[in-house]
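Asks: Contents of model_15.cif (mmCIF, C-alpha atoms) are given next:
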```cif
data_start
loop_
_atom_site.group_PDB
_atom_site.id
_atom_site.type_symbol
_atom_site.label_atom_id
_atom_site.label_comp_id
_atom_site.auth_asym_id
_atom_site.auth_seq_id
_atom_site.Cartn_x
_atom_site.Cartn_y
_atom_site.Cartn_z
ATOM 1 C CA MET A 1 295.166 147.867 86.396
ATOM 2 C CA VAL A 2 298.302 149.567 87.662
ATOM 3 C CA ILE A 3 297.949 150.704 91.246
ATOM 4 C CA GLN A 4 299.910 153.561 92.682
ATOM 5 C CA GLU A 5 300.596 153.848 96.337
ATOM 6 C CA ALA A 6 298.632 156.440 98.201
ATOM 7 C CA PRO A 7 300.419 158.699 100.706
ATOM 8 C CA GLY A 8 301.803 156.580 103.499
ATOM 9 C CA GLY A 9 302.494 153.601 101.256
ATOM 10 C CA ALA A 10 298.970 152.184 101.196
ATOM 11 C CA PRO A 11 297.597 151.194 97.799
ATOM 12 C CA GLY A 12 294.320 152.747 96.823
ATOM 13 C CA ALA A 13 294.711 155.249 94.042
ATOM 14 C CA VAL A 14 294.671 155.055 90.296
ATOM 15 C CA GLU A 15 296.745 157.515 88.314
ATOM 16 C CA GLY A 16 295.302 161.011 88.410
ATOM 17 C CA ARG A 17 292.560 160.441 90.972
ATOM 18 C CA PRO A 18 292.041 158.379 94.149
ATOM 19 C CA ARG A 19 290.295 155.091 93.479
ATOM 20 C CA ALA A 20 287.892 155.644 96.379
ATOM 21 C CA ALA A 21 286.719 158.963 94.933
ATOM 22 C CA VAL A 22 286.027 157.424 91.533
ATOM 23 C CA VAL A 23 284.139 154.493 93.069
ATOM 24 C CA ARG A 24 282.144 156.788 95.372
ATOM 25 C CA ASP A 25 281.005 159.055 92.559
ATOM 26 C CA SER A 26 280.237 156.119 90.288
ATOM 27 C CA LEU A 27 278.160 154.337 92.914
ATOM 28 C CA GLY A 28 276.313 157.569 93.682
ATOM 29 C CA VAL A 29 275.246 157.928 90.054
ATOM 30 C CA GLY A 30 274.435 154.231 89.700
ATOM 31 C CA VAL A 31 272.264 154.090 92.806
ATOM 32 C CA ALA A 32 270.481 157.402 92.185
ATOM 33 C CA VAL A 33 269.489 156.534 88.623
ATOM 34 C CA GLY A 34 269.073 152.808 89.194
ATOM 35 C CA LEU A 35 266.225 153.403 91.620
ATOM 36 C CA SER A 36 264.144 154.876 88.795
ATOM 37 C CA GLY A 37 263.746 151.324 87.532
ATOM 38 C CA PHE A 38 260.795 151.162 89.952
ATOM 39 C CA ALA A 39 259.025 153.750 87.817
ATOM 40 C CA PHE A 40 259.771 151.861 84.627
ATOM 41 C CA GLY A 41 258.437 148.619 86.065
ATOM 42 C CA VAL A 42 255.234 150.346 87.139
ATOM 43 C CA THR A 43 254.849 152.143 83.810
ATOM 44 C CA ALA A 44 255.389 148.961 81.821
ATOM 45 C CA ALA A 45 252.824 147.094 83.906
ATOM 46 C CA GLY A 46 250.361 149.918 83.348
ATOM 47 C CA ALA A 47 250.930 149.581 79.607
ATOM 48 C CA GLY A 48 249.855 145.951 79.748
ATOM 49 C CA ILE A 49 253.342 144.473 79.414
ATOM 50 C CA SER A 50 253.920 141.317 81.416
ATOM 51 C CA VAL A 51 256.502 141.074 84.183
ATOM 52 C CA LEU A 52 258.652 138.759 82.073
ATOM 53 C CA GLN A 53 258.535 141.062 79.046
ATOM 54 C CA THR A 54 259.339 144.065 81.225
ATOM 55 C CA CYS A 55 262.386 142.391 82.757
ATOM 56 C CA VAL A 56 263.663 141.125 79.411
ATOM 57 C CA LEU A 57 263.319 144.633 78.003
ATOM 58 C CA SER A 58 265.447 146.066 80.799
ATOM 59 C CA LEU A 59 268.013 143.292 80.535
ATOM 60 C CA LEU A 60 268.471 143.513 76.776
ATOM 61 C CA VAL A 61 267.748 147.144 75.931
ATOM 62 C CA PHE A 62 269.029 148.917 79.052
ATOM 63 C CA THR A 63 268.592 152.513 78.001
ATOM 64 C CA GLY A 64 266.067 154.175 80.275
ATOM 65 C CA ALA A 65 264.756 156.996 78.111
ATOM 66 C CA SER A 66 264.132 154.697 75.144
ATOM 67 C CA GLN A 67 262.397 152.158 77.375
ATOM 68 C CA PHE A 68 260.113 154.842 78.820
ATOM 69 C CA ALA A 69 259.362 156.122 75.305
ATOM 70 C CA LEU A 70 258.459 152.634 74.119
ATOM 71 C CA VAL A 71 256.107 151.698 76.950
ATOM 72 C CA GLY A 72 254.635 155.204 77.008
ATOM 73 C CA ALA A 73 253.663 154.954 73.354
ATOM 74 C CA LEU A 74 252.243 151.465 73.862
ATOM 75 C CA ALA A 75 250.264 152.646 76.876
ATOM 76 C CA ALA A 76 248.713 155.374 74.734
ATOM 77 C CA GLY A 77 247.555 152.752 72.250
ATOM 78 C CA GLY A 78 250.257 153.360 69.685
ATOM 79 C CA ASN A 79 251.317 150.960 66.973
ATOM 80 C CA PRO A 80 254.140 148.709 68.255
ATOM 81 C CA PHE A 81 256.295 149.469 65.208
ATOM 82 C CA THR A 82 255.846 153.212 65.628
ATOM 83 C CA ALA A 83 256.623 152.938 69.329
ATOM 84 C CA ALA A 84 259.744 150.896 68.590
ATOM 85 C CA ALA A 85 260.857 153.417 65.961
ATOM 86 C CA GLY A 86 260.573 156.286 68.427
ATOM 87 C CA ALA A 87 262.540 154.355 71.036
ATOM 88 C CA PHE A 88 265.157 153.401 68.447
ATOM 89 C CA PHE A 89 265.796 156.958 67.311
ATOM 90 C CA LEU A 90 265.985 158.145 70.897
ATOM 91 C CA GLY A 91 268.567 155.442 71.599
ATOM 92 C CA THR A 92 270.811 156.324 68.657
ATOM 93 C CA ARG A 93 272.573 158.891 70.831
ATOM 94 C CA ASN A 94 274.352 155.998 72.509
ATOM 95 C CA ALA A 95 276.129 155.245 69.230
ATOM 96 C CA PHE A 96 277.726 158.694 69.327
ATOM 97 C CA TYR A 97 278.697 158.154 72.960
ATOM 98 C CA GLY A 98 280.344 154.916 71.889
ATOM 99 C CA LEU A 99 282.514 156.665 69.323
ATOM 100 C CA ARG A 100 283.931 158.939 72.000
ATOM 101 C CA LEU A 101 284.268 156.251 74.660
ATOM 102 C CA SER A 102 286.034 153.838 72.319
ATOM 103 C CA GLN A 103 288.895 156.312 72.073
ATOM 104 C CA LEU A 104 288.901 157.221 75.738
ATOM 105 C CA LEU A 105 288.661 153.738 77.236
ATOM 106 C CA ALA A 106 290.576 151.811 74.537
ATOM 107 C CA LEU A 107 289.246 148.512 75.870
ATOM 108 C CA PRO A 108 290.486 145.128 74.610
ATOM 109 C CA LYS A 109 288.501 143.853 71.636
ATOM 110 C CA ALA A 110 287.269 140.844 73.587
ATOM 111 C CA VAL A 111 285.297 142.972 76.088
ATOM 112 C CA ARG A 112 284.037 145.688 73.744
ATOM 113 C CA PRO A 113 280.743 143.927 72.864
ATOM 114 C CA LEU A 114 279.924 143.608 76.572
ATOM 115 C CA ALA A 115 281.005 147.168 77.348
ATOM 116 C CA ALA A 116 278.863 148.493 74.493
ATOM 117 C CA HIS A 117 275.755 147.339 76.361
ATOM 118 C CA TRP A 118 276.625 149.760 79.162
ATOM 119 C CA VAL A 119 277.192 152.796 76.939
ATOM 120 C CA ILE A 120 274.444 155.097 78.212
ATOM 121 C CA ASP A 121 274.134 158.683 79.444
ATOM 122 C CA GLU A 122 275.330 158.031 82.988
ATOM 123 C CA THR A 123 278.348 155.829 82.245
ATOM 124 C CA THR A 124 279.446 158.251 79.540
ATOM 125 C CA ALA A 125 279.168 161.252 81.859
ATOM 126 C CA VAL A 126 281.155 159.572 84.639
ATOM 127 C CA ALA A 127 283.870 158.313 82.278
ATOM 128 C CA LEU A 128 284.311 161.674 80.545
ATOM 129 C CA ALA A 129 284.572 163.447 83.902
ATOM 130 C CA GLN A 130 287.734 161.521 84.830
ATOM 131 C CA PRO A 131 291.225 162.978 84.307
ATOM 132 C CA ASP A 132 292.893 159.873 82.860
ATOM 133 C CA ARG A 133 292.155 156.566 81.124
ATOM 134 C CA ARG A 134 292.484 154.333 84.182
ATOM 135 C CA SER A 135 290.072 156.457 86.196
ATOM 136 C CA ALA A 136 287.690 156.572 83.220
ATOM 137 C CA ARG A 137 287.724 152.781 82.921
ATOM 138 C CA LEU A 138 287.051 152.370 86.625
ATOM 139 C CA GLY A 139 284.257 154.948 86.614
ATOM 140 C CA PHE A 140 282.645 153.423 83.540
ATOM 141 C CA THR A 141 282.785 149.899 84.972
ATOM 142 C CA VAL A 142 281.507 150.713 88.464
ATOM 143 C CA THR A 143 278.732 152.984 87.182
ATOM 144 C CA GLY A 144 277.648 150.449 84.566
ATOM 145 C CA LEU A 145 277.662 147.512 86.971
ATOM 146 C CA ALA A 146 275.831 149.338 89.770
ATOM 147 C CA LEU A 147 273.244 150.814 87.428
ATOM 148 C CA TYR A 148 272.638 147.603 85.484
ATOM 149 C CA VAL A 149 272.123 145.489 88.592
ATOM 150 C CA LEU A 150 269.965 148.012 90.440
ATOM 151 C CA TRP A 151 267.936 149.057 87.388
ATOM 152 C CA ASN A 152 266.984 145.473 86.601
ATOM 153 C CA LEU A 153 266.257 144.642 90.237
ATOM 154 C CA THR A 154 264.001 147.659 90.737
ATOM 155 C CA THR A 155 262.338 147.029 87.377
ATOM 156 C CA LEU A 156 261.324 143.585 88.626
ATOM 157 C CA LEU A 157 260.098 144.937 91.964
ATOM 158 C CA GLY A 158 258.161 147.752 90.295
ATOM 159 C CA ALA A 159 256.479 145.394 87.828
ATOM 160 C CA LEU A 160 255.565 142.902 90.545
ATOM 161 C CA GLY A 161 254.220 145.651 92.781
ATOM 162 C CA ALA A 162 252.126 147.174 90.012
ATOM 163 C CA GLU A 163 250.752 143.765 89.094
ATOM 164 C CA ALA A 164 249.790 143.179 92.725
ATOM 165 C CA ILE A 165 247.866 146.438 93.141
ATOM 166 C CA GLY A 166 246.023 146.132 89.843
ATOM 167 C CA ASP A 167 245.016 149.271 87.943
ATOM 168 C CA THR A 168 248.025 151.627 88.156
ATOM 169 C CA ALA A 169 246.073 154.528 86.672
ATOM 170 C CA ALA A 170 243.629 154.421 89.578
ATOM 171 C CA TRP A 171 246.579 155.055 91.925
ATOM 172 C CA GLY A 172 248.076 157.725 89.703
ATOM 173 C CA LEU A 173 251.152 155.549 89.112
ATOM 174 C CA ASP A 174 250.827 155.828 85.334
ATOM 175 C CA ALA A 175 252.454 159.254 85.702
ATOM 176 C CA ALA A 176 255.509 157.858 87.473
ATOM 177 C CA GLY A 177 257.487 157.195 84.305
ATOM 178 C CA PRO A 178 257.134 160.640 82.731
ATOM 179 C CA ALA A 179 257.727 162.296 86.111
ATOM 180 C CA VAL A 180 260.993 160.448 86.682
ATOM 181 C CA PHE A 181 262.120 161.110 83.127
ATOM 182 C CA LEU A 182 261.518 164.847 83.488
ATOM 183 C CA ALA A 183 263.238 164.871 86.879
ATOM 184 C CA LEU A 184 266.331 163.282 85.323
ATOM 185 C CA LEU A 185 266.262 165.586 82.316
ATOM 186 C CA ALA A 186 265.721 168.937 84.015
ATOM 187 C CA PRO A 187 269.166 169.277 85.699
ATOM 188 C CA MET A 188 270.871 168.573 82.356
ATOM 189 C CA LEU A 189 269.323 171.619 80.677
ATOM 190 C CA LYS A 190 272.018 174.146 81.559
ATOM 191 C CA SER A 191 272.432 176.271 78.429
ATOM 192 C CA THR A 192 269.925 178.491 76.653
ATOM 193 C CA THR A 193 270.124 176.276 73.576
ATOM 194 C CA GLU A 194 269.312 173.140 75.565
ATOM 195 C CA ARG A 195 266.340 174.824 77.220
ATOM 196 C CA ALA A 196 265.101 176.065 73.849
ATOM 197 C CA VAL A 197 265.311 172.545 72.388
ATOM 198 C CA ALA A 198 263.421 171.104 75.360
ATOM 199 C CA ALA A 199 260.722 173.787 75.159
ATOM 200 C CA LEU A 200 260.215 173.368 71.421
ATOM 201 C CA ALA A 201 260.150 169.572 71.751
ATOM 202 C CA LEU A 202 257.468 169.915 74.437
ATOM 203 C CA VAL A 203 255.370 172.187 72.233
ATOM 204 C CA LEU A 204 255.695 169.878 69.217
ATOM 205 C CA GLY A 205 254.997 166.742 71.217
ATOM 206 C CA LEU A 206 251.923 168.094 72.979
ATOM 207 C CA GLY A 207 250.688 169.947 69.892
ATOM 208 C CA PHE A 208 250.600 166.868 67.693
ATOM 209 C CA LEU A 209 249.495 164.463 70.422
ATOM 210 C CA PRO A 210 245.733 164.905 69.827
ATOM 211 C CA VAL A 211 245.912 164.530 66.036
ATOM 212 C CA LEU A 212 248.587 161.886 65.354
ATOM 213 C CA PRO A 213 248.915 158.222 66.335
ATOM 214 C CA ALA A 214 250.726 157.511 69.592
ATOM 215 C CA GLY A 215 254.483 157.430 69.121
ATOM 216 C CA VAL A 216 254.559 159.738 66.094
ATOM 217 C CA PRO A 217 254.589 162.977 68.175
ATOM 218 C CA VAL A 218 257.813 161.724 69.803
ATOM 219 C CA LEU A 219 259.449 161.448 66.382
ATOM 220 C CA ILE A 220 258.282 164.932 65.437
ATOM 221 C CA ALA A 221 259.514 166.355 68.742
ATOM 222 C CA ALA A 222 262.995 165.089 67.826
ATOM 223 C CA LEU A 223 263.054 167.754 65.089
ATOM 224 C CA ALA A 224 263.377 170.398 67.807
ATOM 225 C CA ALA A 225 267.147 169.957 68.061
ATOM 226 C CA PRO A 226 268.034 170.592 64.385
ATOM 227 C CA ALA A 227 265.448 173.386 64.208
ATOM 228 C CA VAL A 228 266.911 175.273 67.170
ATOM 229 C CA LEU A 229 270.486 174.752 65.947
ATOM 230 C CA TRP A 230 269.507 176.015 62.488
ATOM 231 C CA MET A 231 267.948 179.143 63.972
ATOM 232 C CA LYS A 232 270.991 179.669 66.174
ATOM 233 C CA GLY A 233 273.249 179.425 63.124
ATOM 234 C CA ARG A 234 271.236 182.043 61.240
ATOM 235 C CA ARG A 235 271.425 184.437 64.179
ATOM 236 C CA SER A 236 275.164 184.081 64.658
ATOM 237 C CA PRO A 237 277.460 186.547 62.797
ATOM 238 C CA GLY A 238 278.794 183.763 60.589
ATOM 239 C CA GLY A 239 275.303 182.616 59.689
ATOM 240 C CA GLU A 240 273.843 185.983 58.640
ATOM 241 C CA ARG A 241 273.176 186.507 54.971
ATOM 242 C CA SER A 242 273.945 189.776 53.300
#
```
As structure tokens, please, write out the structure in this file.

Replies:
Amino acid sequence: MVIQEAPGGAPGAVEGRPRAAVVRDSLGVGVAVGLSGFAFGVTAAGAGISVLQTCVLSLLVFTGASQFALVGALAAGGNPFTAAAGAFFLGTRNAFYGLRLSQLLALPKAVRPLAAHWVIDETTAVALAQPDRRSARLGFTVTGLALYVLWNLTTLLGALGAEAIGDTAAWGLDAAGPAVFLALLAPMLKSTTERAVAALALVLGLGFLPVLPAGVPVLIAALAAPAVLWMKGRRSPGGERS
């Protein structure tokens, strides 16, 4: 990485933005989100998943929302294949992130398979917020490293703690996963369209929950996005039919 000299001749800035600012913001995101691994560990333990299985899931999958969706469906008694399908479709968004980040970061081919494992919501947001490629690479790397290490560490601690206290439902800890997920999601819903998608997904998910096998309502709730976008297109001037 090419380092420019900061005012006064001291190194410490990458082109376009001070290195310290990029690292600070990246660590802030990594630490804030990484701590929610506690909730995943507790939720997984409540779903009957062993500590080893929980840790392997975090190490190899490493996409929080999909992990919560998987263990949530299993906890509700859902079919493992249905639960995995719901988690898979929820995780496909990372493939679209990867298409954008591959152009922005332009990483060497040798490190792309490793970097792909860190392509998630938070690393994408931090990288895209940077003004130049070097800052984006630094932000992506620091956010990914901090989040991966802390998420897996807190997952282990959460699973061990839940195993030690026994029945997590008796302590109300079975609600920790959904609560954290909603807390992370809520600030992202800034536009009317995003709020409409979230509201419709909630209605579909809860509406079909009593009548369909666990995991299937999640798949149906995913239809909220195309439905809202279709309605928005019909209401726009270009989408009106004569």

Asks: Restricting the calculation to all atoms listed in the file, which member of A:Ala146, A:Met231, A:Leu209, A:Val42 is positioned closest to Gly28 in chain A?

Replies: A:Ala146

Asks: Rounded to one decimal in Å, what is the spacing between CA of Val51 in chain A and CA of Ala159 in chain A?

Replies: 5.7 Å

Asks: Kindly give the distance, in Å, that separates CA of Phe81 in chain A and CA of Trp230 in chain A, rounded to a single decimal.

Replies: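 Calculated distance between CA of Phe81 in chain A and CA of Trp230 in chain A is 29.8 Å.
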
Asks: Skipping near chain neighbours, those fewer than 2 positions away, what residues fall within 8 Å of range 97-99 of chain A using all atoms listed in the file, listed as a PDB file with C-alpha atoms, in the coordinates of the input?

Replies:
```
ATOM      1  CA  ARG A  93     272.573 158.891  70.831  1.00  0.00           C
ATOM      2  CA  ASN A  94     274.352 155.998  72.509  1.00  0.00           C
ATOM      3  CA  ALA A  95     276.129 155.245  69.230  1.00  0.00           C
ATOM      4  CA  LEU A 101     284.268 156.251  74.660  1.00  0.00           C
ATOM      5  CA  SER A 102     286.034 153.838  72.319  1.00  0.00           C
ATOM      6  CA  GLN A 103     288.895 156.312  72.073  1.00  0.00           C
ATOM      7  CA  ALA A 116     278.863 148.493  74.493  1.00  0.00           C
ATOM      8  CA  VAL A 119     277.192 152.796  76.939  1.00  0.00           C
ATOM      9  CA  ILE A 120     274.444 155.097  78.212  1.00  0.00           C
ATOM     10  CA  ASP A 121     274.134 158.683  79.444  1.00  0.00           C
ATOM     11  CA  THR A 124     279.446 158.251  79.540  1.00  0.00           C
TER      12      THR A 124
END
```

Asks: Please expand the PyMOL selection byres ((chain A and resi 150) around 8) into the concrete residues it hits in this file, giving the result as a list in words.

Replies: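 Selected by the PyMOL selection byres ((chain A and resi 150) around 8) here: Gly30, Val31, Gly34, Leu35, Gly37, Ala146, Leu147, Tyr148, Val149, Trp151, Asn152, Leu153 and Thr154 of chain A.
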
Asks: So which residues get picked by the PyMOL selection byres ((chain A and resi 123) around 9) here, written as a compact mmCIF listing (two decimals) with C-alpha atoms, in the coordinates of the input?

Replies:
```
# COMPACT_ATOMS: atom_id res chain seq x y z
CA SER A 26 280.24 156.12 90.29
CA VAL A 29 275.25 157.93 90.05
CA GLY A 30 274.44 154.23 89.70
CA TRP A 118 276.62 149.76 79.16
CA VAL A 119 277.19 152.80 76.94
CA ILE A 120 274.44 155.10 78.21
CA ASP A 121 274.13 158.68 79.44
CA GLU A 122 275.33 158.03 82.99
CA THR A 124 279.45 158.25 79.54
CA ALA A 125 279.17 161.25 81.86
CA VAL A 126 281.15 159.57 84.64
CA ALA A 127 283.87 158.31 82.28
CA LEU A 128 284.31 161.67 80.54
CA GLY A 139 284.26 154.95 86.61
CA PHE A 140 282.64 153.42 83.54
CA THR A 141 282.79 149.90 84.97
CA VAL A 142 281.51 150.71 88.46
CA THR A 143 278.73 152.98 87.18
CA GLY A 144 277.65 150.45 84.57
CA LEU A 147 273.24 150.81 87.43
```

Asks: CA of Gln67 in chain A and CA of Gly46 in chain A, how far apart in Å?

Replies: 13.6 Å

Asks: Evaluating the PyMOL selection byres ((chain A and resi 39-41) around 6) on the displayed file yields which residues, as a ChimeraX atom specification?

Replies: /A:36-38,42-44,155,158-159,176-177

Asks: I need the residue nearest Leu156 in chain A from this list: A:Leu219, A:Cys55, A:Thr82, A:Val23. Use all atoms listed in the file for the distance.

Replies: A:Cys55

Asks: Just want the 9 Å neighbourhood of Ala225 in chain A, counted on all atoms listed in the file, with same-chain residues fewer than 3 positions away dropped. Output as a list in words.

Replies: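 The residues satisfying every condition are Thr193, Glu194, Ala196, Val197, Ala198, Leu200, Ala201, Ala221, Ala222, Val228, Leu229 and Trp230 of chain A.
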
Asks: Keeping only C-alpha atoms, take the residues you just selected and write them out as a JSON list (two decimals), in the coordinates of the input.

Replies:
```json
[["chain", "number", "residue", "atom", "x", "y", "z"],
["A", 193, "THR", "CA", 270.12, 176.28, 73.58],
["A", 194, "GLU", "CA", 269.31, 173.14, 75.56],
["A", 196, "ALA", "CA", 265.10, 176.06, 73.85],
["A", 197, "VAL", "CA", 265.31, 172.54, 72.39],
["A", 198, "ALA", "CA", 263.42, 171.10, 75.36],
["A", 200, "LEU", "CA", 260.21, 173.37, 71.42],
["A", 201, "ALA", "CA", 260.15, 169.57, 71.75],
["A", 221, "ALA", "CA", 259.51, 166.36, 68.74],
["A", 222, "ALA", "CA", 263.00, 165.09, 67.83],
["A", 228, "VAL", "CA", 266.91, 175.27, 67.17],
["A", 229, "LEU", "CA", 270.49, 174.75, 65.95],
["A", 230, "TRP", "CA", 269.51, 176.02, 62.49]]
```

Asks: Looking at all atoms listed in the file, which of A:Leu27, A:Val22, A:Leu60, A:Ala227 is the one that sits closest to Leu145 in chain A?

Replies: A:Leu27

Asks: Counting all atoms listed in the file, which of A:Val218, A:Ala20, A:Arg195, A:Pro226 gets nearest to Leu70 in chain A?

Replies: A:Val218

Asks: Please provide the set of residues having any atom within 7 Å of range 105-114 of chain A, restricted to all atoms listed in the file, with same-chain residues fewer than 6 positions apart removed, written as a list in words.

Replies: Arg133, Ala136 and Arg137 of chain A

Asks: Store the residues picked out above in a file with C-alpha atoms, as a compact mmCIF listing (two decimals), keeping the file's coordinate frame.

Replies:
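Done, and the output landed in part08.txt:
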```
# COMPACT_ATOMS: atom_id res chain seq x y z
CA ARG A 133 292.15 156.57 81.12
CA ALA A 136 287.69 156.57 83.22
CA ARG A 137 287.72 152.78 82.92
```

Asks: From the list A:Ala76, A:Ser50, A:Asp132, A:Phe88, which residue is nearest Gly64 in chain A when using all atoms listed in the file?

Replies: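 Once distances to Gly64 in chain A are computed over all atoms listed in the file, the minimum belongs to A:Phe88.
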